[in-house]
Each structure stands twice: as C-alpha cells, then as structure tokens.
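J.: Provided herewith: query_32.txt, compact mmCIF, C-alpha atoms.
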# COMPACT_ATOMS: atom_id res chain seq x y z
CA MET A 1 178.71 39.84 62.03
CA ASP A 2 180.42 37.26 59.86
CA SER A 3 180.28 37.43 56.04
CA VAL A 4 177.47 34.87 55.69
CA ILE A 5 175.18 36.90 57.95
CA ASP A 6 176.28 40.09 56.18
CA ASN A 7 175.22 38.68 52.83
CA GLU A 8 171.87 37.49 54.21
CA VAL A 9 171.15 40.89 55.74
CA ARG A 10 172.19 42.74 52.60
CA TYR A 11 170.00 40.55 50.42
CA SER A 12 166.99 40.93 52.73
CA ILE A 13 167.26 44.72 52.82
CA GLU A 14 167.80 45.08 49.10
CA ARG A 15 164.89 42.75 48.36
CA ALA A 16 162.58 44.64 50.75
CA LEU A 17 163.41 48.12 49.41
CA ASN A 18 164.40 47.26 45.84
CA ARG A 19 167.49 49.41 46.43
CA ASN A 20 171.18 48.63 46.78
CA VAL A 21 173.09 48.68 50.06
CA ARG A 22 176.48 50.40 50.21
CA SER A 23 177.55 49.80 53.83
CA TRP A 24 176.39 49.51 57.42
CA GLN A 25 177.59 49.75 60.98
CA PRO A 26 176.25 48.63 64.37
CA LEU A 27 174.21 51.00 66.52
CA ALA A 28 173.71 50.92 70.28
CA GLY A 29 170.77 48.95 71.63
CA GLY A 30 169.71 45.67 70.22
CA MET A 31 168.29 43.94 73.32
CA ILE A 32 165.95 41.83 71.19
CA SER A 33 167.57 42.34 67.79
CA GLN A 34 170.71 43.51 66.07
CA VAL A 35 170.51 47.23 65.21
CA LEU A 36 172.35 48.63 62.18
CA ARG A 37 172.71 51.98 60.48
CA VAL A 38 172.55 51.14 56.79
CA GLU A 39 173.73 53.46 54.02
CA LEU A 40 171.99 52.85 50.74
CA ALA A 41 173.70 53.33 47.38
CA ASP A 42 171.81 56.59 46.79
CA GLY A 43 173.22 58.05 50.04
CA GLN A 44 170.14 57.68 52.25
CA SER A 45 170.68 56.23 55.74
CA ILE A 46 168.12 53.96 57.35
CA VAL A 47 167.97 51.80 60.48
CA ALA A 48 167.67 48.03 60.21
CA LYS A 49 166.70 45.80 63.11
CA VAL A 50 167.56 42.17 62.42
CA GLY A 51 165.89 39.55 64.60
CA ASP A 52 166.96 36.04 65.49
CA GLY A 53 163.50 34.48 65.46
CA SER A 54 162.85 34.86 69.19
CA HIS A 55 160.64 37.95 68.83
CA ASP A 56 158.30 39.25 66.15
CA LEU A 57 159.54 42.64 64.92
CA THR A 58 156.16 43.36 63.30
CA ILE A 59 154.94 44.18 66.83
CA GLU A 60 157.43 47.05 67.07
CA ALA A 61 156.49 48.18 63.57
CA TYR A 62 152.82 48.24 64.60
CA MET A 63 153.60 50.37 67.65
CA LEU A 64 155.70 52.88 65.70
CA ARG A 65 152.96 53.27 63.10
CA TYR A 66 150.35 53.65 65.83
CA LEU A 67 152.33 56.42 67.52
CA ARG A 68 152.83 58.29 64.24
CA GLN A 69 149.13 58.04 63.42
CA HIS A 70 147.63 58.83 66.83
CA SER A 71 150.05 60.57 69.16
CA GLY A 72 152.02 63.33 67.48
CA LEU A 73 155.22 61.83 68.90
CA PRO A 74 158.05 61.88 66.33
CA ALA A 75 158.36 58.12 65.91
CA PRO A 76 160.48 57.12 62.91
CA ALA A 77 158.65 56.06 59.78
CA VAL A 78 158.52 52.31 59.13
CA LEU A 79 159.79 51.43 55.66
CA HIS A 80 159.36 47.66 55.81
CA ASP A 81 158.59 45.02 58.41
CA GLU A 82 158.54 41.28 58.73
CA ALA A 83 159.07 38.96 61.67
CA ASN A 84 162.89 39.15 61.60
CA LEU A 85 163.51 42.44 59.80
CA LEU A 86 162.39 45.98 60.57
CA LEU A 87 163.53 48.86 58.37
CA MET A 88 162.84 52.43 59.42
CA GLU A 89 163.83 56.02 59.00
CA PHE A 90 167.18 57.02 60.49
CA VAL A 91 166.84 59.98 62.88
CA GLU A 92 169.97 62.09 63.26
CA GLY A 93 170.71 63.27 66.80
CA ARG A 94 171.99 62.23 70.18
CA ILE A 95 170.76 61.27 73.64
CA GLU A 96 170.20 64.34 75.76
CA TRP A 97 168.08 64.54 78.90
CA GLU A 98 168.18 68.20 79.94
CA GLY A 99 167.10 71.78 79.28
CA ASP A 100 165.18 72.65 76.13
CA ALA A 101 164.92 69.01 75.08
CA LEU A 102 163.14 68.12 78.32
CA ARG A 103 160.76 71.05 77.93
CA HIS A 104 159.92 69.91 74.42
CA LEU A 105 159.44 66.35 75.67
CA GLY A 106 157.02 67.67 78.29
CA GLU A 107 154.94 69.31 75.55
CA LEU A 108 154.97 66.19 73.38
CA LEU A 109 154.04 63.73 76.12
CA ALA A 110 151.28 65.94 77.50
CA ARG A 111 149.70 65.98 74.03
CA CYS A 112 150.16 62.21 73.70
CA HIS A 113 148.51 61.61 77.08
CA GLN A 114 145.46 63.55 75.93
CA VAL A 115 144.80 60.88 73.29
CA THR A 116 142.17 58.61 74.81
CA SER A 117 140.30 55.34 74.30
CA PRO A 118 137.11 53.73 75.65
CA ALA A 119 139.12 51.17 77.68
CA TYR A 120 142.54 50.44 79.16
CA GLY A 121 144.83 48.15 77.23
CA LEU A 122 145.09 48.01 73.46
CA GLU A 123 143.73 46.15 70.47
CA ARG A 124 146.69 43.76 70.68
CA ASP A 125 149.43 42.67 73.06
CA THR A 126 152.80 44.38 72.78
CA LEU A 127 156.35 44.00 74.08
CA ILE A 128 158.39 45.87 76.66
CA GLY A 129 162.03 45.18 75.88
CA PRO A 130 162.17 41.41 75.30
CA LEU A 131 159.13 40.66 77.48
CA HIS A 132 155.53 40.03 76.49
CA GLN A 133 153.09 42.76 77.59
CA PRO A 134 149.40 41.72 77.74
CA ASN A 135 146.83 44.38 76.88
CA PRO A 136 143.29 42.97 77.14
CA ARG A 137 140.65 45.69 76.96
CA THR A 138 139.64 46.48 80.55
CA ALA A 139 137.14 49.01 81.91
CA SER A 140 138.94 49.61 85.23
CA TRP A 141 142.46 51.00 85.44
CA ILE A 142 143.11 49.51 88.87
CA ALA A 143 141.97 46.08 87.67
CA PHE A 144 144.16 46.40 84.57
CA PHE A 145 147.23 47.49 86.55
CA ARG A 146 146.72 44.74 89.13
CA GLN A 147 146.20 41.84 86.70
CA GLN A 148 148.06 42.79 83.52
CA ARG A 149 150.99 44.69 84.96
CA LEU A 150 151.77 43.96 88.61
CA LEU A 151 150.54 40.37 89.07
CA TYR A 152 151.56 39.38 85.56
CA MET A 153 155.15 40.59 86.04
CA ILE A 154 155.35 39.12 89.55
CA GLY A 155 154.59 35.78 87.88
CA ILE A 156 157.28 36.29 85.23
CA ALA A 157 159.81 37.26 87.91
CA ARG A 158 158.90 34.16 89.95
CA GLU A 159 159.36 31.92 86.90
CA SER A 160 162.73 33.55 86.18
CA GLY A 161 164.00 32.49 89.60
CA GLU A 162 165.01 36.08 90.44
CA LEU A 163 162.20 36.92 92.89
CA PRO A 164 162.71 35.83 96.54
CA ALA A 165 159.61 34.39 98.22
CA GLU A 166 159.56 37.03 100.97
CA LEU A 167 159.63 39.88 98.47
CA GLU A 168 156.92 38.20 96.41
CA ARG A 169 154.68 38.04 99.48
CA ARG A 170 155.14 41.78 100.06
CA LEU A 171 154.33 42.52 96.43
CA LEU A 172 151.21 40.36 96.53
CA ARG A 173 150.01 42.16 99.65
CA ILE A 174 150.21 45.52 97.94
CA ALA A 175 148.51 44.09 94.84
CA ASP A 176 145.57 43.13 97.08
CA GLN A 177 145.36 46.66 98.50
CA LEU A 178 145.74 48.87 95.42
CA GLU A 179 142.40 50.59 96.02
CA ARG A 180 143.95 52.17 99.13
CA TYR A 181 146.57 53.97 97.07
CA LEU A 182 145.38 54.37 93.47
CA PHE A 183 142.33 55.94 91.86
CA GLU A 184 140.45 55.55 88.61
CA PRO A 185 141.56 58.27 86.15
CA PRO A 186 138.93 60.23 84.20
CA GLN A 187 139.89 58.38 81.01
CA PRO A 188 142.59 56.11 79.57
CA ALA A 189 145.64 57.89 78.16
CA LEU A 190 147.89 56.73 75.33
CA ILE A 191 151.34 56.12 76.82
CA HIS A 192 154.62 55.27 75.14
CA GLY A 193 155.32 52.74 77.88
CA ASP A 194 159.13 52.76 77.90
CA MET A 195 159.96 56.44 78.06
CA TRP A 196 163.60 56.39 79.02
CA LYS A 197 166.49 58.60 77.95
CA THR A 198 167.97 56.06 75.54
CA ASN A 199 164.66 56.08 73.64
CA VAL A 200 164.66 59.84 73.00
CA ILE A 201 166.77 61.32 70.17
CA VAL A 202 167.51 65.03 70.40
CA ARG A 203 168.74 67.47 67.76
CA ASP A 204 169.29 71.22 68.33
CA GLY A 205 167.50 71.15 71.68
CA ARG A 206 164.34 69.55 70.27
CA VAL A 207 163.08 65.98 70.38
CA ALA A 208 163.72 64.67 66.87
CA GLY A 209 162.75 61.04 67.42
CA ILE A 210 161.17 58.72 69.97
CA ILE A 211 161.84 55.01 69.57
CA ASP A 212 161.27 51.58 71.16
CA PRO A 213 157.67 52.01 72.38
CA ALA A 214 155.80 49.59 74.64
CA LEU A 215 152.49 51.31 74.17
CA TYR A 216 148.99 50.86 75.54
CA TYR A 217 146.24 52.99 77.05
CA GLY A 218 146.76 53.41 80.78
CA HIS A 219 147.02 56.04 83.50
CA ASN A 220 149.38 58.83 82.46
CA GLU A 221 150.97 58.58 85.91
CA MET A 222 152.33 55.17 84.93
CA GLU A 223 154.53 56.84 82.32
CA LEU A 224 155.48 59.73 84.57
CA ALA A 225 156.51 57.37 87.36
CA TYR A 226 158.96 55.52 85.13
CA MET A 227 160.51 58.86 84.17
CA THR A 228 161.41 59.53 87.82
CA LEU A 229 163.45 56.32 88.16
CA PHE A 230 167.25 56.24 88.24
CA ASN A 231 167.80 60.02 88.34
CA GLY A 232 165.43 60.46 85.43
CA THR A 233 164.00 63.68 84.04
CA GLY A 234 164.77 67.08 85.51
CA PRO A 235 162.28 69.72 86.65
CA GLU A 236 162.09 71.24 83.16
CA PHE A 237 160.05 68.26 81.97
CA PHE A 238 157.50 68.32 84.77
CA SER A 239 157.07 72.11 84.80
CA THR A 240 156.26 72.07 81.08
CA TYR A 241 154.07 68.97 81.31
CA THR A 242 151.95 70.45 84.11
CA GLU A 243 151.14 73.48 81.98
CA GLN A 244 148.79 71.10 80.14
CA ILE A 245 148.06 68.29 82.64
CA ALA A 246 148.10 68.74 86.42
CA ILE A 247 149.96 66.26 88.61
CA GLU A 248 148.82 65.74 92.21
CA GLU A 249 151.45 65.92 94.93
CA ASP A 250 150.46 62.45 96.17
CA PHE A 251 151.77 61.05 92.89
CA PHE A 252 155.30 62.04 93.93
CA ARG A 253 154.83 60.93 97.56
CA THR A 254 153.22 57.55 97.04
CA ARG A 255 151.74 56.48 93.73
CA ARG A 256 154.92 56.67 91.65
CA HIS A 257 156.55 54.11 93.94
CA ILE A 258 153.67 51.69 93.35
CA TYR A 259 153.69 52.19 89.60
CA ASN A 260 157.46 51.73 89.46
CA LEU A 261 157.15 48.22 90.85
CA TYR A 262 156.32 47.16 87.29
CA PRO A 263 159.47 48.49 85.54
CA LEU A 264 161.61 47.41 88.48
CA LEU A 265 160.28 43.85 88.16
CA ILE A 266 161.05 44.01 84.45
CA HIS A 267 164.61 45.09 85.22
CA LEU A 268 164.88 42.28 87.78
CA VAL A 269 163.86 39.70 85.18
CA ILE A 270 166.21 41.05 82.52
CA PHE A 271 169.23 42.20 84.55
CA GLY A 272 169.05 40.23 87.78
CA GLU A 273 169.43 40.72 91.51
CA ARG A 274 170.85 44.26 91.50
CA TYR A 275 167.22 45.43 91.19
CA LEU A 276 166.11 43.71 94.39
CA GLN A 277 167.16 46.67 96.53
CA PRO A 278 165.21 49.26 94.50
CA LEU A 279 162.13 47.02 94.81
CA HIS A 280 162.58 46.84 98.59
CA GLU A 281 162.99 50.62 98.74
CA SER A 282 159.84 51.27 96.72
CA LEU A 283 157.82 49.01 98.97
CA GLU A 284 159.22 50.69 102.08
CA ARG A 285 158.15 54.09 100.74
CA VAL A 286 154.52 52.94 100.79
CA GLY A 287 154.91 51.14 104.11
CA LYS A 288 154.99 47.58 102.76
Using structure tokens, write down the structure that the file contains.
T.:
Amino acid sequence: MDSVIDNEVRYSIERALNRNVRSWQPLAGGMISQVLRVELADGQSIVAKVGDGSHDLTIEAYMLRYLRQHSGLPAPAVLHDEANLLLMEFVEGRIEWEGDALRHLGELLARCHQVTSPAYGLERDTLIGPLHQPNPRTASWIAFFRQQRLLYMIGIARESGELPAELERRLLRIADQLERYLFEPPQPALIHGDMWKTNVIVRDGRVAGIIDPALYYGHNEMELAYMTLFNGTGPEFFSTYTEQIAIEEDFFRTRRHIYNLYPLLIHLVIFGERYLQPLHESLERVGK
C-alpha cells in the first residue's frame, strides 16, 4: 500500500473504533478485499478487510454474526462493518487439516448442520468468494439446487466465456435429471458454504476460528461434498461427523460429484480453464 492509502485506512479504523493504530501488516487471502492484521496502540490485534467498492463487506459481517448467533462455529467477532471496511477479532493459529483438528471440525460441523430452518435458502443473498450467491426461500431442496446453484452458476460461467458449449450441454442435461440422483432431505441444514482448509484456523489441535462463510440453509451433503475436493479432509473428519449424522454410501459414489459441480464452476469462473478437466471428470463419474 502507498502512504495515501495507509493514511486513509488508519483514519477509517481509528474513527470506527475510537482507538489509535500502531502498525499493520498484510495477511494471506484478500480475493475481494485487502486483508490486514492491525495492532492497536493498546496492544490488541484485530483483522481489517479493506474493500475497493466492488463488493459490500457488510454481507460478510452479516454472515459472521449469523454463524456466531446460530451455529456454534467459532466465527470471529465483528467489531465494525461498512461497505468498504470490516473489522473483526484476530484469531491466533495456523492452517492445519489433519488429526485432532479434523476430529474437532467434525464435531463442530455436525452440530452446525443440525441447525434447521423452514425452507432452503436464507433471508438474504450472500457471496461465495467474489461471486453473488442467490438464496430465495424455497420449499424443495432439489428445486433450490437446480435453479439457485447449478443453473445459476452455469449461466455465470457462460457469461464469463470460460464454459465450452459442449460442456454446458452436458451440465444442462444433468440439471434436467437431478431427481434421478438426489433426494429431498428431512430438513434444511445451516451450512458454512465455503468450508475449505484456508478458512479454518487451528490452535493446539482445536479449531479456533472459522472464517469466510458463504452460508445458507441447504442439504448438509452439499458442504460435505466440497470437503472431499482436491485431496480435502481425511478420514478423521468423517468418522467423527458420522457419530452424530449418518452419511449414506451413495453420497460418496454419486451425489458428491453432482454437488461438486457448483464449486467447480465457481473455480472455473474465478481461476479459468484448469478447472475444465475436474468438471469433465465429475460428469463422467455420474455417467454424463
């Protein structure tokens, strides 16, 4: 950051908290905003996300508050939010995706997925990474997944120019036939929505913080599927999770590949053609 931006950021933080800033340094992340660890004059560290006007950071603040209030997940406390500035608690720890931390994550997510709602979706739209995520209240999970996840993101991928026409046709065929593969869950489950290793902060073998949600009420398998992508969670997570919520074997054989079409399309839009092959492979696993 240059000195002009530094002064603007400092002034905004000090005005929001009525406290003085001593120093700050960049943190990893920052896909839709600049992320800073800020040390205040009294020695407390906080995290500041500084936007550029392209996304509303109050949406992330809403999701973090919602998780703290409803889920039991250790989301950091929000200290201040406005469209281009989000200030929150700094959580000490590191990224770790193994052993005791995964077992603890299994406990936490199973409890989160037992939080329910009368309908799928949410009271407002959210974001997943830099992308809009529509959440209209919907009675049917299959209808919600088809319209608000799969078809919606197919459209975004088409508009981005990253989705070849032949692959789009295959995706549309499976969207038309979801009833053959999916089922209506007993009830909607609160899901984090972007449960990936970089969004889990671990300290002393326990999950100390969970960040960057993309939440809504959906099928818990949607979250679990994402966690199997890209050499995701180990068996410790699933063995602990299933002590509270059973997972059918057909989830691993078939349904996870259908649900992962959504995050793979998101990756295609954001990162480009290297995610075409994983999309092809997921479709091949369900015979499409």
J.: Could you give me, as CSV, a per-residue list for range 166-260 of chain A showing, wherever an atom lies at most 10 Å from an atom of range 53-70 of chain A, the closest pair of atoms and their distance in Å to one decimal, using all atoms listed in the file and sorting by chain then residue number from low to high?
T.:
residue,atom,partner,partner_atom,distance
A:Leu190,CA,A:His70,CA,8.8
A:Ile191,CA,A:Leu67,CA,9.4
A:His192,CA,A:Leu67,CA,8.0
A:Ile210,CA,A:Leu64,CA,9.1
A:Ile211,CA,A:Leu64,CA,7.6
A:Asp212,CA,A:Glu60,CA,7.2
A:Pro213,CA,A:Met63,CA,6.5
A:Ala214,CA,A:Met63,CA,7.4
A:Leu215,CA,A:Met63,CA,6.7
A:Tyr216,CA,A:Met63,CA,9.2
J.: For the residues selected in the previous step, produce a file with C-alpha atoms as a tab-separated table (two decimals), in the coordinates of the input.
T.:
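Contents of the output file again37.tsv:
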chain	number	residue	atom	x	y	z
A	190	LEU	CA	147.89	56.73	75.33
A	191	ILE	CA	151.34	56.12	76.82
A	192	HIS	CA	154.62	55.27	75.14
A	210	ILE	CA	161.17	58.72	69.97
A	211	ILE	CA	161.84	55.01	69.57
A	212	ASP	CA	161.27	51.58	71.16
A	213	PRO	CA	157.67	52.01	72.38
A	214	ALA	CA	155.80	49.59	74.64
A	215	LEU	CA	152.49	51.31	74.17
A	216	TYR	CA	148.99	50.86	75.54
J.: Find the residues near His80 in chain A: any atom within 12 Å, counting all atoms listed in the file, skip ones fewer than 3 places away on the same chain, and give them as a PyMOL selection string.
T.: chain A and resi 12-18+46-50+57-58+60-62+64-65+76-77+83-89
J.: What is the CA of Gly121 in chain A-CA of Thr138 in chain A distance in Å, reported with one decimal?
T.: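 Between CA of Gly121 in chain A and CA of Thr138 in chain A the gap works out to 6.4 Å.
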J.: For CA of Ser160 in chain A and CA of Arg146 in chain A, determine how far apart the two atoms are, in Å to one decimal place.
T.: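 Value for the CA of Ser160 in chain A-CA of Arg146 in chain A distance: 19.8 Å.
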J.: Between CA of Arg103 in chain A and CA of Phe237 in chain A, what is the distance, to one decimal in Å?
T.: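 Rounded to one decimal, the two atoms are 5.0 Å apart.
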J.: Between A:Val202, A:Asn20, A:Ala119, A:Asp176, single out the one closest to Gln147 in chain A, counting all atoms listed in the file.
T.: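 With all atoms listed in the file as the atom set, the closest residue is A:Asp176.
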J.: Against range 218-234 of chain A, which residues of range 79-176 of chain A fall within 9 Å? For each one I want the closest pair of atoms and the distance in Å (one decimal), counting all atoms listed in the file, rows by chain and increasing residue number, as JSON lines.
T.:
{"residue": "A:Trp97", "atom": "CA", "partner": "A:Thr233", "partner_atom": "CA", "distance": 6.6}
{"residue": "A:Glu98", "atom": "CA", "partner": "A:Gly234", "partner_atom": "CA", "distance": 6.6}
{"residue": "A:Gly99", "atom": "CA", "partner": "A:Gly234", "partner_atom": "CA", "distance": 8.1}
{"residue": "A:Leu102", "atom": "CA", "partner": "A:Thr233", "partner_atom": "CA", "distance": 7.3}
{"residue": "A:Ala110", "atom": "CA", "partner": "A:Asn220", "partner_atom": "CA", "distance": 8.9}
{"residue": "A:His113", "atom": "CA", "partner": "A:Asn220", "partner_atom": "CA", "distance": 6.1}
{"residue": "A:Gln114", "atom": "CA", "partner": "A:Asn220", "partner_atom": "CA", "distance": 9.0}
{"residue": "A:Ala119", "atom": "CA", "partner": "A:Gly218", "partner_atom": "CA", "distance": 8.5}
{"residue": "A:Tyr120", "atom": "CA", "partner": "A:Gly218", "partner_atom": "CA", "distance": 5.4}
{"residue": "A:Gly121", "atom": "CA", "partner": "A:Gly218", "partner_atom": "CA", "distance": 6.6}
{"residue": "A:Trp141", "atom": "CA", "partner": "A:Gly218", "partner_atom": "CA", "distance": 6.8}
{"residue": "A:Phe144", "atom": "CA", "partner": "A:Gly218", "partner_atom": "CA", "distance": 8.4}
{"residue": "A:Phe145", "atom": "CA", "partner": "A:Gly218", "partner_atom": "CA", "distance": 8.3}
J.: For Ile156 in chain A, list every protein, DNA or RNA residue within 9 Å, evaluated using all atoms listed in the file, and leave out those in the same chain fewer than 6 positions away; present the list as a short mmCIF file (atom, residue, chain, number, x, y, z; two decimals) with C-alpha atoms, in the frame of the given file.
T.:
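This went into part.cif:
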data_model
loop_
_atom_site.label_atom_id
_atom_site.label_comp_id
_atom_site.auth_asym_id
_atom_site.auth_seq_id
_atom_site.Cartn_x
_atom_site.Cartn_y
_atom_site.Cartn_z
CA LEU A 265 160.28 43.85 88.16
CA ILE A 266 161.05 44.01 84.45
CA VAL A 269 163.86 39.70 85.18
#
J.: So which residues touch Ile258 in chain A within 8 Å, counting only C-alpha atoms, skipping near sequence neighbours fewer than 5 positions away, as an NGL selection string?
T.: :A and (282-283 or 286)
